[in-house]
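Text of protein.cif (mmCIF, C-alpha atoms) as supplied:
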data_structure
#
loop_
_atom_site.label_atom_id
_atom_site.label_comp_id
_atom_site.auth_asym_id
_atom_site.auth_seq_id
_atom_site.Cartn_x
_atom_site.Cartn_y
_atom_site.Cartn_z
CA MET A 8 10.81 30.61 0.45
CA GLU A 9 11.91 27.13 -0.50
CA LEU A 10 15.60 26.54 -1.02
CA PRO A 11 16.68 24.15 -3.80
CA ILE A 12 18.43 21.79 -1.40
CA LYS A 13 18.58 18.05 -2.02
CA LEU A 14 19.73 15.80 0.76
CA SER A 15 21.18 12.37 0.20
CA GLU A 16 20.37 9.89 2.95
CA GLN A 17 22.84 7.46 1.46
CA SER A 18 25.76 9.85 1.65
CA ARG A 19 28.30 9.39 4.42
CA GLU A 20 28.37 13.16 4.84
CA PRO A 21 26.31 14.20 7.88
CA ILE A 22 23.01 15.91 7.00
CA TYR A 23 23.89 19.23 8.68
CA HIS A 24 27.06 19.29 6.56
CA GLN A 25 25.09 18.70 3.39
CA ILE A 26 22.74 21.58 4.24
CA GLU A 27 25.69 23.83 5.07
CA HIS A 28 27.55 23.05 1.82
CA GLN A 29 24.50 23.48 -0.37
CA ILE A 30 23.57 26.85 1.13
CA LYS A 31 27.18 27.99 0.70
CA ALA A 32 27.06 26.88 -2.93
CA LEU A 33 23.79 28.77 -3.49
CA ILE A 34 25.37 31.90 -2.03
CA ALA A 35 28.62 31.53 -3.99
CA SER A 36 26.84 30.97 -7.29
CA GLY A 37 24.77 34.12 -6.74
CA GLN A 38 21.45 32.26 -6.57
CA LEU A 39 21.12 33.66 -3.05
CA GLU A 40 22.17 37.30 -3.09
CA THR A 41 23.35 39.37 -0.15
CA GLY A 42 20.40 40.36 2.02
CA THR A 43 18.09 37.57 0.81
CA PRO A 44 15.97 36.29 3.70
CA LEU A 45 16.43 32.60 4.49
CA PRO A 46 13.63 30.34 5.72
CA SER A 47 13.31 29.96 9.48
CA ILE A 48 14.93 26.90 11.06
CA ARG A 49 11.49 25.32 11.59
CA ALA A 50 10.33 26.02 8.03
CA LEU A 51 13.51 24.64 6.45
CA SER A 52 13.38 21.59 8.72
CA LYS A 53 9.84 20.87 7.55
CA ASP A 54 10.78 21.25 3.86
CA LEU A 55 13.82 19.01 4.21
CA GLU A 56 12.08 16.64 6.62
CA VAL A 57 14.89 16.85 9.15
CA SER A 58 14.96 17.76 12.82
CA VAL A 59 15.41 21.39 13.92
CA ILE A 60 18.44 20.17 15.83
CA THR A 61 20.16 19.38 12.52
CA THR A 62 19.08 22.59 10.76
CA ARG A 63 20.06 24.72 13.73
CA ARG A 64 23.52 23.22 13.66
CA ALA A 65 23.91 24.04 9.96
CA TYR A 66 22.71 27.64 10.48
CA GLN A 67 25.00 28.09 13.48
CA ASN A 68 28.01 26.97 11.46
CA LEU A 69 27.05 29.20 8.53
CA GLU A 70 26.63 32.14 10.87
CA TYR A 71 29.94 31.43 12.58
CA GLU A 72 31.68 31.36 9.19
CA GLY A 73 30.03 34.65 8.21
CA PHE A 74 27.75 33.40 5.41
CA ILE A 75 24.49 34.34 7.09
CA LYS A 76 23.34 36.83 9.70
CA THR A 77 20.50 36.54 12.18
CA LEU A 78 18.78 39.74 13.21
CA GLN A 79 16.87 39.38 16.45
CA GLY A 80 13.15 39.27 15.73
CA LYS A 81 13.62 39.79 12.00
CA GLY A 82 15.02 36.53 10.73
CA THR A 83 18.09 35.20 8.99
CA PHE A 84 19.66 36.80 5.93
CA VAL A 85 22.47 36.11 3.47
CA ALA A 86 25.54 38.07 4.58
CA ASN A 87 27.87 40.04 2.36
CA ILE A 88 30.58 37.63 1.23
CA HIS A 89 33.95 38.64 -0.17
CA SER A 90 34.24 37.74 -3.86
CA SER A 91 37.46 35.77 -3.27
CA LEU A 92 35.59 33.55 -0.80
CA LYS A 93 32.79 33.09 -3.36
CA ARG A 94 35.37 31.95 -5.92
CA GLU A 95 36.87 29.55 -3.41
CA ILE A 96 33.49 27.99 -2.70
CA LYS A 97 32.55 27.76 -6.35
CA GLU A 98 35.77 25.89 -6.99
CA ASP A 99 35.19 23.68 -3.98
CA THR A 100 31.68 22.80 -5.22
CA VAL A 101 32.97 21.83 -8.66
CA VAL A 102 35.91 19.89 -7.20
CA ARG A 103 33.55 17.90 -4.99
CA ALA A 104 31.30 17.02 -7.93
CA LEU A 105 34.26 15.94 -10.06
CA LYS A 106 35.70 13.87 -7.21
CA THR A 107 32.41 12.01 -6.89
CA ALA A 108 32.44 11.31 -10.63
CA ILE A 109 36.02 10.04 -10.48
CA GLU A 110 35.21 7.79 -7.53
CA THR A 111 32.30 6.32 -9.48
CA ALA A 112 34.58 5.66 -12.43
CA TYR A 113 37.19 3.93 -10.23
CA GLN A 114 34.47 1.80 -8.63
CA HIS A 115 33.69 0.58 -12.14
CA ASN A 116 37.36 -0.24 -12.75
CA TYR A 117 38.10 2.52 -15.24
CA SER A 118 41.76 3.49 -15.68
CA LYS A 119 43.06 7.03 -15.44
CA THR A 120 43.48 7.20 -19.23
CA GLU A 121 39.96 5.93 -19.83
CA ILE A 122 38.52 8.46 -17.38
CA ASN A 123 40.44 11.23 -19.10
CA LYS A 124 39.16 10.13 -22.50
CA LEU A 125 35.56 9.95 -21.28
CA PHE A 126 35.83 13.29 -19.54
CA ASN A 127 37.11 15.02 -22.67
CA ALA A 128 34.52 13.36 -24.84
CA ILE A 129 31.69 14.55 -22.57
CA LEU A 130 33.19 18.02 -22.37
CA ASN A 131 33.42 18.31 -26.18
CA ASP A 132 29.94 16.91 -26.59
CA GLN A 133 28.54 19.52 -24.16
CA GLU A 134 30.42 22.32 -25.94
CA GLY A 135 28.92 21.25 -29.22
CA ARG A 136 25.45 21.59 -27.76
CA LEU A 137 25.90 25.02 -26.17
CA MET B 15 17.49 24.57 28.70
CA LYS B 16 14.95 23.57 31.35
CA ALA B 17 12.71 20.66 30.37
CA SER B 18 9.01 21.36 29.76
CA ILE B 19 7.95 17.94 30.96
CA GLU B 20 9.98 15.66 33.22
CA VAL B 21 8.83 12.11 33.75
CA THR B 22 10.77 10.19 36.41
CA GLN B 23 10.49 6.47 37.18
CA LEU B 24 6.84 6.53 36.16
CA GLU B 25 4.90 3.27 36.50
CA LYS B 26 1.26 2.41 36.08
CA ILE B 27 0.23 -1.11 36.91
CA ARG B 28 -3.18 -2.52 36.05
CA ASP B 29 -4.31 -6.15 35.91
CA ASP B 30 -3.54 -6.58 32.25
CA PHE B 31 -1.03 -3.83 31.61
CA HIS B 32 2.25 -2.54 32.98
CA LEU B 33 3.47 0.91 31.92
CA GLY B 34 7.09 1.79 32.62
CA PRO B 35 9.20 2.48 34.49
CA ILE B 36 9.48 5.45 32.14
CA ASN B 37 12.02 8.25 32.29
CA ILE B 38 11.78 10.98 29.70
CA ASN B 39 12.47 14.71 29.51
CA ILE B 40 10.69 16.75 26.85
CA GLU B 41 12.55 19.89 25.84
CA PRO B 42 11.03 23.21 24.76
CA GLY B 43 11.37 24.27 21.13
CA ILE B 44 11.12 20.64 20.09
CA VAL B 45 8.37 18.60 18.44
CA THR B 46 8.27 15.11 19.88
CA ALA B 47 6.45 12.29 18.09
CA LEU B 48 5.23 9.54 20.36
CA VAL B 49 4.90 6.34 18.33
CA GLY B 50 4.12 2.71 19.00
CA ASN B 51 1.61 -0.03 18.24
CA ASN B 52 -1.96 0.15 19.49
CA GLY B 53 -1.93 -0.63 23.17
CA ALA B 54 1.74 0.29 23.62
CA GLY B 55 0.83 2.78 26.34
CA LYS B 56 1.05 6.11 24.50
CA SER B 57 -2.35 7.39 25.58
CA THR B 58 -1.88 6.10 29.13
CA LEU B 59 1.43 7.96 29.34
CA ILE B 60 -0.21 11.16 28.09
CA LYS B 61 -3.16 10.80 30.47
CA THR B 62 -0.76 10.28 33.36
CA ILE B 63 1.11 13.44 32.34
CA MET B 64 -2.25 15.25 32.33
CA ASN B 65 -2.99 13.86 35.81
CA LEU B 66 -6.09 12.08 34.44
CA VAL B 67 -4.67 8.71 35.38
CA LYS B 68 -2.99 8.27 38.74
CA PRO B 69 0.44 6.66 38.49
CA SER B 70 1.30 3.65 40.63
CA SER B 71 4.66 5.27 41.31
CA GLY B 72 6.98 7.94 39.95
CA ASP B 73 6.83 11.69 39.37
CA ILE B 74 5.70 14.05 36.66
CA ARG B 75 6.66 17.69 36.53
CA ILE B 76 5.31 20.23 34.06
CA LEU B 77 7.37 23.43 33.84
CA GLY B 78 8.77 22.52 37.23
CA SER B 79 5.45 21.84 39.05
CA TYR B 80 4.51 18.38 40.27
CA VAL B 81 1.19 17.62 38.57
CA GLU B 82 -0.25 15.83 41.59
CA GLU B 83 0.52 18.67 44.00
CA THR B 84 -0.65 21.82 42.25
CA GLN B 85 -2.99 23.01 39.54
CA ASP B 86 -0.73 25.86 38.29
CA TRP B 87 0.40 23.82 35.33
CA GLN B 88 -3.11 23.27 33.94
CA LYS B 89 -3.27 26.65 32.21
CA GLU B 90 0.16 26.02 30.65
CA ILE B 91 -0.91 22.98 28.69
CA ALA B 92 -3.51 22.20 26.01
CA TYR B 93 -4.44 18.62 25.30
CA LEU B 94 -6.50 17.06 22.53
CA PRO B 95 -7.49 13.54 23.59
CA GLN B 96 -8.53 10.73 21.29
CA ASN B 97 -11.93 10.31 22.93
CA LYS B 98 -14.20 13.25 22.51
CA LEU B 99 -16.75 13.33 25.29
CA GLY B 100 -19.24 15.97 26.33
CA TYR B 101 -19.26 18.02 23.13
CA ASP B 102 -22.26 16.44 21.42
CA PRO B 103 -25.08 18.94 22.19
CA PHE B 104 -23.07 22.06 21.28
CA ASN B 105 -22.12 23.66 18.00
CA GLY B 106 -18.70 25.10 17.15
CA ASN B 107 -19.66 28.69 17.99
CA GLN B 108 -20.88 27.71 21.46
CA LEU B 109 -17.84 25.56 22.14
CA LYS B 110 -15.54 28.38 21.15
CA GLU B 111 -17.18 30.85 23.55
CA LEU B 112 -16.86 28.30 26.33
CA ILE B 113 -13.21 27.40 25.71
CA ALA B 114 -11.92 30.86 24.78
CA SER B 115 -13.03 32.20 28.17
CA LEU B 116 -10.90 29.60 29.97
CA TYR B 117 -7.60 30.45 28.28
CA PRO B 118 -6.09 33.92 28.79
CA ASN B 119 -3.88 33.61 25.69
CA TRP B 120 -6.73 32.51 23.42
CA ASP B 121 -5.92 33.60 19.85
CA ASP B 122 -9.17 34.43 18.10
CA LYS B 123 -7.40 35.37 14.87
CA LEU B 124 -5.79 31.95 14.68
CA PHE B 125 -9.12 30.28 15.45
CA ASN B 126 -10.87 32.16 12.64
CA ARG B 127 -8.05 31.37 10.25
CA MET B 128 -8.17 27.66 11.09
CA VAL B 129 -11.93 27.52 10.71
CA LYS B 130 -11.64 29.17 7.31
CA GLU B 131 -8.65 27.19 6.01
CA LEU B 132 -9.92 23.85 7.27
CA ASP B 133 -13.47 24.68 6.21
CA VAL B 134 -15.01 23.91 9.62
CA ASN B 135 -18.75 24.08 10.12
CA LEU B 136 -19.48 26.06 13.32
CA ARG B 137 -23.29 25.93 13.15
CA LYS B 138 -24.00 22.21 13.23
CA ASN B 139 -24.09 20.35 16.53
CA PHE B 140 -20.91 18.44 17.24
CA LYS B 141 -22.82 15.17 17.24
CA SER B 142 -23.98 15.57 13.64
CA LEU B 143 -20.52 16.35 12.24
CA SER B 144 -18.49 13.69 10.42
CA PRO B 145 -15.48 12.29 12.36
CA GLY B 146 -13.09 14.30 10.15
CA MET B 147 -15.07 17.52 10.69
CA GLN B 148 -15.23 16.87 14.44
CA GLN B 149 -11.46 16.45 14.50
CA LYS B 150 -10.91 19.69 12.54
CA LEU B 151 -13.21 21.60 14.91
CA LEU B 152 -11.43 20.19 17.96
CA LEU B 153 -8.03 21.13 16.55
CA SER B 154 -9.35 24.67 15.95
CA LEU B 155 -10.52 24.72 19.56
CA THR B 156 -7.19 23.45 20.92
CA ILE B 157 -4.26 25.02 19.04
CA PRO B 158 -5.37 28.70 19.51
CA ARG B 159 -5.19 28.29 23.28
CA ASN B 160 -1.53 29.22 22.74
CA THR B 161 -0.33 27.47 25.85
CA PRO B 162 3.42 26.82 26.15
CA ILE B 163 2.78 23.08 25.85
CA LEU B 164 0.48 21.37 23.36
CA ILE B 165 -0.26 17.64 23.35
CA LEU B 166 -2.22 16.17 20.45
CA ASP B 167 -3.29 12.53 20.48
CA GLU B 168 -3.69 11.35 16.88
CA PRO B 169 -4.25 14.85 15.45
CA THR B 170 -4.47 13.87 11.79
CA SER B 171 -6.75 10.84 12.12
CA HIS B 172 -9.87 10.99 9.87
CA ILE B 173 -8.62 14.19 8.22
CA ASP B 174 -8.49 14.62 4.44
CA ILE B 175 -5.16 15.05 2.60
CA VAL B 176 -5.48 18.79 1.96
CA SER B 177 -6.48 19.61 5.55
CA LYS B 178 -3.68 17.42 6.84
CA SER B 179 -1.12 19.42 4.91
CA ILE B 180 -2.68 22.73 6.08
CA LEU B 181 -2.58 21.47 9.65
CA LEU B 182 1.09 20.47 9.46
CA ASP B 183 1.90 23.95 8.13
CA LEU B 184 -0.09 25.54 10.95
CA LEU B 185 1.66 23.49 13.58
CA ALA B 186 5.10 24.29 12.14
CA GLU B 187 4.15 27.96 12.27
CA TRP B 188 2.83 27.56 15.82
CA MET B 189 6.26 26.24 16.77
CA GLU B 190 7.98 29.39 15.43
CA HIS B 191 7.33 31.02 18.79
CA ASP B 192 10.31 30.34 21.00
CA ASP B 193 10.15 27.70 23.67
CA ARG B 194 6.84 26.15 22.73
CA THR B 195 6.59 22.40 23.17
CA LEU B 196 4.57 20.07 20.97
CA ILE B 197 3.93 16.38 21.53
CA LEU B 198 2.14 14.32 18.90
CA ALA B 199 1.01 10.78 19.50
CA THR B 200 0.71 9.53 15.95
CA HIS B 201 0.58 6.59 13.57
CA GLN B 202 1.12 8.79 10.52
CA VAL B 203 4.65 8.65 9.11
CA GLU B 204 4.05 11.92 7.30
CA ASP B 205 3.45 13.74 10.61
CA ILE B 206 6.78 12.44 11.86
CA ARG B 207 8.72 13.18 8.68
CA LYS B 208 7.44 16.74 8.33
CA LEU B 209 7.14 17.87 11.91
CA ALA B 210 8.97 15.78 14.47
CA ASP B 211 12.42 16.57 15.81
CA MET B 212 12.60 13.84 18.42
CA VAL B 213 10.90 10.46 18.25
CA ALA B 214 9.87 8.50 21.35
CA ILE B 215 9.08 4.87 20.55
CA MET B 216 6.92 2.84 22.91
CA LYS B 217 6.41 -0.89 22.94
CA ASP B 218 4.46 -3.03 25.43
CA GLY B 219 4.41 -0.26 28.03
CA ASP B 220 8.11 0.53 27.78
CA LEU B 221 9.97 3.43 26.21
CA LEU B 222 12.15 1.71 23.62
CA ALA B 223 13.97 4.79 22.35
CA HIS B 224 13.92 8.57 22.60
CA THR B 225 16.18 10.02 19.97
CA ASP B 226 16.41 12.71 17.33
CA LYS B 227 14.76 11.82 14.04
CA ASP B 228 17.88 12.17 11.92
CA SER B 229 19.98 9.73 13.92
CA LEU B 230 17.07 7.31 13.97
CA THR B 231 17.18 7.00 10.18
CA GLN B 232 20.85 6.08 10.44
CA SER B 233 20.19 3.05 12.63
CA TYR B 234 19.97 0.31 10.00
CA THR B 235 21.46 -0.40 6.57
CA GLN B 236 20.22 -2.95 4.09
CA TYR B 237 22.64 -4.73 1.71
CA TRP B 238 21.78 -6.54 -1.51
CA MET B 239 24.24 -9.35 -2.27
CA VAL B 240 25.46 -10.91 -5.52
CA ASP B 241 25.24 -14.47 -4.14
CA PRO B 242 23.19 -16.04 -1.34
CA LEU B 243 24.56 -15.34 2.16
CA PRO B 244 25.85 -18.02 4.55
CA SER B 245 23.17 -19.05 7.04
CA ASP B 246 25.10 -18.18 10.26
CA SER B 247 24.39 -14.85 11.94
CA LEU B 248 26.54 -12.04 10.54
CA PRO B 249 27.93 -8.95 12.37
CA GLY B 250 25.20 -6.55 13.40
CA GLU B 251 22.54 -8.64 11.67
CA VAL B 252 18.99 -7.68 12.59
CA LYS B 253 17.02 -9.17 9.75
CA ARG B 254 17.20 -11.11 6.48
CA LYS B 255 15.04 -10.35 3.53
CA GLY B 256 15.41 -13.49 1.43
CA SER B 257 18.79 -15.19 0.94
CA LYS B 258 20.47 -12.26 -0.78
CA SER B 259 19.53 -9.35 1.42
CA ILE B 260 20.48 -8.46 4.97
CA VAL B 261 19.81 -5.58 7.37
CA THR B 262 22.58 -4.67 9.83
CA GLU B 263 22.97 -2.19 12.66
CA ASN B 264 26.74 -2.19 12.18
CA GLU B 265 27.87 -1.27 8.66
CA VAL B 266 31.59 -1.23 9.44
CA GLN B 267 31.73 -4.71 10.99
CA LEU B 268 29.45 -6.24 8.37
CA GLU B 269 31.50 -4.81 5.50
CA GLN B 270 34.70 -6.10 7.13
CA TYR B 271 33.19 -9.56 7.33
CA LEU B 272 31.90 -9.46 3.76
CA SER B 273 35.26 -8.44 2.34
CA GLN B 274 37.12 -11.05 4.44
CA HIS B 275 34.82 -13.74 3.05
CA GLN B 276 34.85 -12.38 -0.51
CA LEU B 277 31.11 -11.82 -0.47
CA ASN B 278 30.25 -9.04 -2.91
CA TRP B 279 27.34 -6.71 -2.55
CA LEU B 280 25.54 -4.84 -5.31
CA ASN B 281 23.94 -2.06 -3.35
CA LYS B 282 23.29 -0.76 0.13
CA GLU B 283 20.71 1.65 1.45
CA GLN B 284 19.73 3.11 4.81
CA LEU B 285 16.28 2.01 5.93
CA SER B 286 13.61 4.70 5.66
CA LEU B 287 12.12 6.28 8.77
CA GLU B 288 9.02 4.13 8.41
CA ASP B 289 10.96 0.88 8.00
CA THR B 290 13.29 1.80 10.86
CA ILE B 291 10.42 2.37 13.28
CA SER B 292 8.58 -0.80 12.16
CA LEU B 293 11.75 -2.82 12.57
CA MET B 294 12.36 -1.43 16.07
CA LEU B 295 8.79 -2.35 17.00
CA THR B 296 9.05 -5.90 15.69
CA ILE B 297 12.49 -7.13 16.76
#
How would this structure read if it were set down as structure tokens?
Amino acid sequence: MELPIKLSEQSREPIYHQIEHQIKALIASGQLETGTPLPSIRALSKDLEVSVITTRRAYQNLEYEGFIKTLQGKGTFVANIHSSLKREIKEDTVVRALKTAIETAYQHNYSKTEINKLFNAILNDQEGRL
Amino acid sequence: MKASIEVTQLEKIRDDFHLGPININIEPGIVTALVGNNGAGKSTLIKTIMNLVKPSSGDIRILGSYVEETQDWQKEIAYLPQNKLGYDPFNGNQLKELIASLYPNWDDKLFNRMVKELDVNLRKNFKSLSPGMQQKLLLSLTIPRNTPILILDEPTSHIDIVSKSILLDLLAEWMEHDDRTLILATHQVEDIRKLADMVAIMKDGDLLAHTDKDSLTQSYTQYWMVDPLPSDSLPGEVKRKGSKSIVTENEVQLEQYLSQHQLNWLNKEQLSLEDTISLMLTI
């Protein structure tokens, strides 16, 4: 199974962190349900074109934090996550995306008021389309 | 974890060539890509590991055994060389019977699968096969030996795009078994991107670097400037590409310098794996 993970080489965030965050987001959003098998470390490394050392680190952290479970000889699966934790991660994912957008705006010398105005305009525009 | 292959202070001196001294440990569970220009010493290093070339000095151990002292290690390792000698009068079926009998872990199912997926002709004599077909047959005769260590010298040379992708999948799957070790000497960036975990870079007989692939791609950053750069050497500078572009190995120091001198940059990007390796081999 291929996971919809997109790595950014230009990001300052280490690659194993990016993998970790994106798998968490997939679990929190329900795209990866409890019990779903995850690709092996080797298979994911090949898809993402990273070293198994990096992928293993991401899986180890996810396992340590209780997001995934490895069953000896059977593979790695999505663990059962408490719904409050899912909410937390969803919020974290959105906050991170918004922060990036705000940083981009500041880099282009937008003021707080201008950002606010733009944000609301885009939000209203999207609502109109839905 | 115990190393699969340990190379210590290895040197090979010939009239026109000096390999080493090389020190490298290859770990199990890891795919190592051995890269370098033609004549850098990759094949000589591999042949020395296989005890086919006698080193001038230094030691090689495979799974703990010194290769010059015992033969125990020979059944633990499968090697596909670049030069294919002695196969010419036989067809694939005959070669398989010969080779399968030598390796106790021979995997006939894997062999049949490879022959089918790679569309290998087993009935024609080796000699009359195209170079690509020869290579595919040899890979099918090597990988199913299922030895703990597999060394492939230029495995994807001459092979068509579809077969190459099938082969990379097969090798990734082969590595799913714990503690297997794979070494690829290769010129193909795709092999490295898709399969390698560690990259060993050789130049002029020396081992330039042995590092994990993901930190390798973080070695150099290229900046594109608004205005031409001053001509003196800047912090971490490794290369200029025209007057408005610079490659550095030290982002932090370069950015400090640029901001101190009010030099604005438009964009920056980490060099790709391919560009990083080429740069290391040329500077």
Expanded to explicit residues, what is the PyMOL selection byres ((chain A) within 12 of (chain B)) for this file, as a PyMOL selection string?
-> chain A and resi 14-23+46-63+80+82+114-115
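For the file shown, the residue list from the PyMOL selection byres ((chain A and resi 33-44) around 9) reads Met8, Leu10, Pro11, His28, Gln29, Ile30, Lys31, Ala32, Leu45, Pro46, Ser47, Phe74, Ile75, Lys76, Gly82, Thr83, Phe84, Val85, Ala86, Asn87, Ile88, Ser90, Leu92, Lys93, Arg94, Glu95, Ile96 and Lys97 of chain A.
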Could you write out the selected residues, including C-alpha atoms, as a JSON list (two decimals), in the coordinates of the input?
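Result file again_38.json:
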[["chain", "number", "residue", "atom", "x", "y", "z"],
["A", 8, "MET", "CA", 10.81, 30.61, 0.45],
["A", 10, "LEU", "CA", 15.60, 26.54, -1.02],
["A", 11, "PRO", "CA", 16.68, 24.15, -3.80],
["A", 28, "HIS", "CA", 27.55, 23.05, 1.82],
["A", 29, "GLN", "CA", 24.50, 23.48, -0.37],
["A", 30, "ILE", "CA", 23.57, 26.85, 1.13],
["A", 31, "LYS", "CA", 27.18, 27.99, 0.70],
["A", 32, "ALA", "CA", 27.06, 26.88, -2.93],
["A", 45, "LEU", "CA", 16.43, 32.60, 4.49],
["A", 46, "PRO", "CA", 13.63, 30.34, 5.72],
["A", 47, "SER", "CA", 13.31, 29.96, 9.48],
["A", 74, "PHE", "CA", 27.75, 33.40, 5.41],
["A", 75, "ILE", "CA", 24.49, 34.34, 7.09],
["A", 76, "LYS", "CA", 23.34, 36.83, 9.70],
["A", 82, "GLY", "CA", 15.02, 36.53, 10.73],
["A", 83, "THR", "CA", 18.09, 35.20, 8.99],
["A", 84, "PHE", "CA", 19.66, 36.80, 5.93],
["A", 85, "VAL", "CA", 22.47, 36.11, 3.47],
["A", 86, "ALA", "CA", 25.54, 38.07, 4.58],
["A", 87, "ASN", "CA", 27.87, 40.04, 2.36],
["A", 88, "ILE", "CA", 30.58, 37.63, 1.23],
["A", 90, "SER", "CA", 34.24, 37.74, -3.86],
["A", 92, "LEU", "CA", 35.59, 33.55, -0.80],
["A", 93, "LYS", "CA", 32.79, 33.09, -3.36],
["A", 94, "ARG", "CA", 35.37, 31.95, -5.92],
["A", 95, "GLU", "CA", 36.87, 29.55, -3.41],
["A", 96, "ILE", "CA", 33.49, 27.99, -2.70],
["A", 97, "LYS", "CA", 32.55, 27.76, -6.35]]
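With CA of Leu230 in chain B on one side and CA of Ile291 in chain B on the other, the separation reads 8.3 Å.
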Expected selection from the PyMOL selection byres ((chain B and resi 30) around 12), given as a PyMOL selection string = chain B and resi 26-29+31-33+53+55+218-219
Quick one: distance from CA of Lys141 in chain B to CA of Leu109 in chain B in Å, one decimal?
-> 12.5 Å
Thr170 in chain B proximity check over B:Gly34, B:Pro145, B:Pro158, B:Gly106, using only C-alpha atoms: winner is B:Pro145
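Using only C-alpha atoms, the smallest distance between any of B:Asn139, B:Thr161, B:Ser171, B:Asn37 and Gln108 in chain B comes from B:Asn139.
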Near-Tyr117 in chain B list (12 Å; all atoms listed in the file; drop same-chain fewer than 5 positions) as a PyMOL selection string | chain B and resi 88-92+110-112+122+155-162
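Once Ser71 in chain B and its same-chain neighbours fewer than 2 positions away are set aside, B:Gln23, B:Leu24, B:Glu25, B:Lys26, B:Pro69, B:Asp73 remain within 8 Å of it when counting only C-alpha atoms.
Taking CA of Thr262 in chain B and CA of Ser247 in chain B as endpoints, the distance between them is 10.6 Å.
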If you count only C-alpha atoms, which residues fall within 12 Å of Ile122 in chain A, apart from same-chain ones fewer than 2 positions away, as an MDAnalysis selection string?
-> chainID A and resid 105:106 108:120 124:129
Using all atoms of range 19-33 of chain B listed in the file and a margin of 8 Å per side, can you give the axis-aligned box centre and edge lengths in Å to one decimal, as lines of an AutoDock Vina configuration file?
center_x = 3.2
center_y = 5.7
center_z = 34.1
size_x = 31.1
size_y = 40.5
size_z = 22.2
Show which residues sit within 10 Å of Asp86 in chain B, as a VMD selection string. Count all atoms listed in the file, and ignore same-chain residues fewer than 4 positions away.
-> chain B and resid 76 to 77 79 to 81 90
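Every polymer residue reaching to within 9 Å of (-16.1, 23.6, 12.0), counting all atoms listed in the file, appears in this list: Asn105, Gly106, Asn107, Met128, Val129, Lys130, Leu132, Asp133, Val134, Asn135, Leu136, Arg137, Lys138, Phe140, Leu143, Met147, Gln148, Gln149, Lys150, Leu151, Leu152 and Ser154 of chain B.
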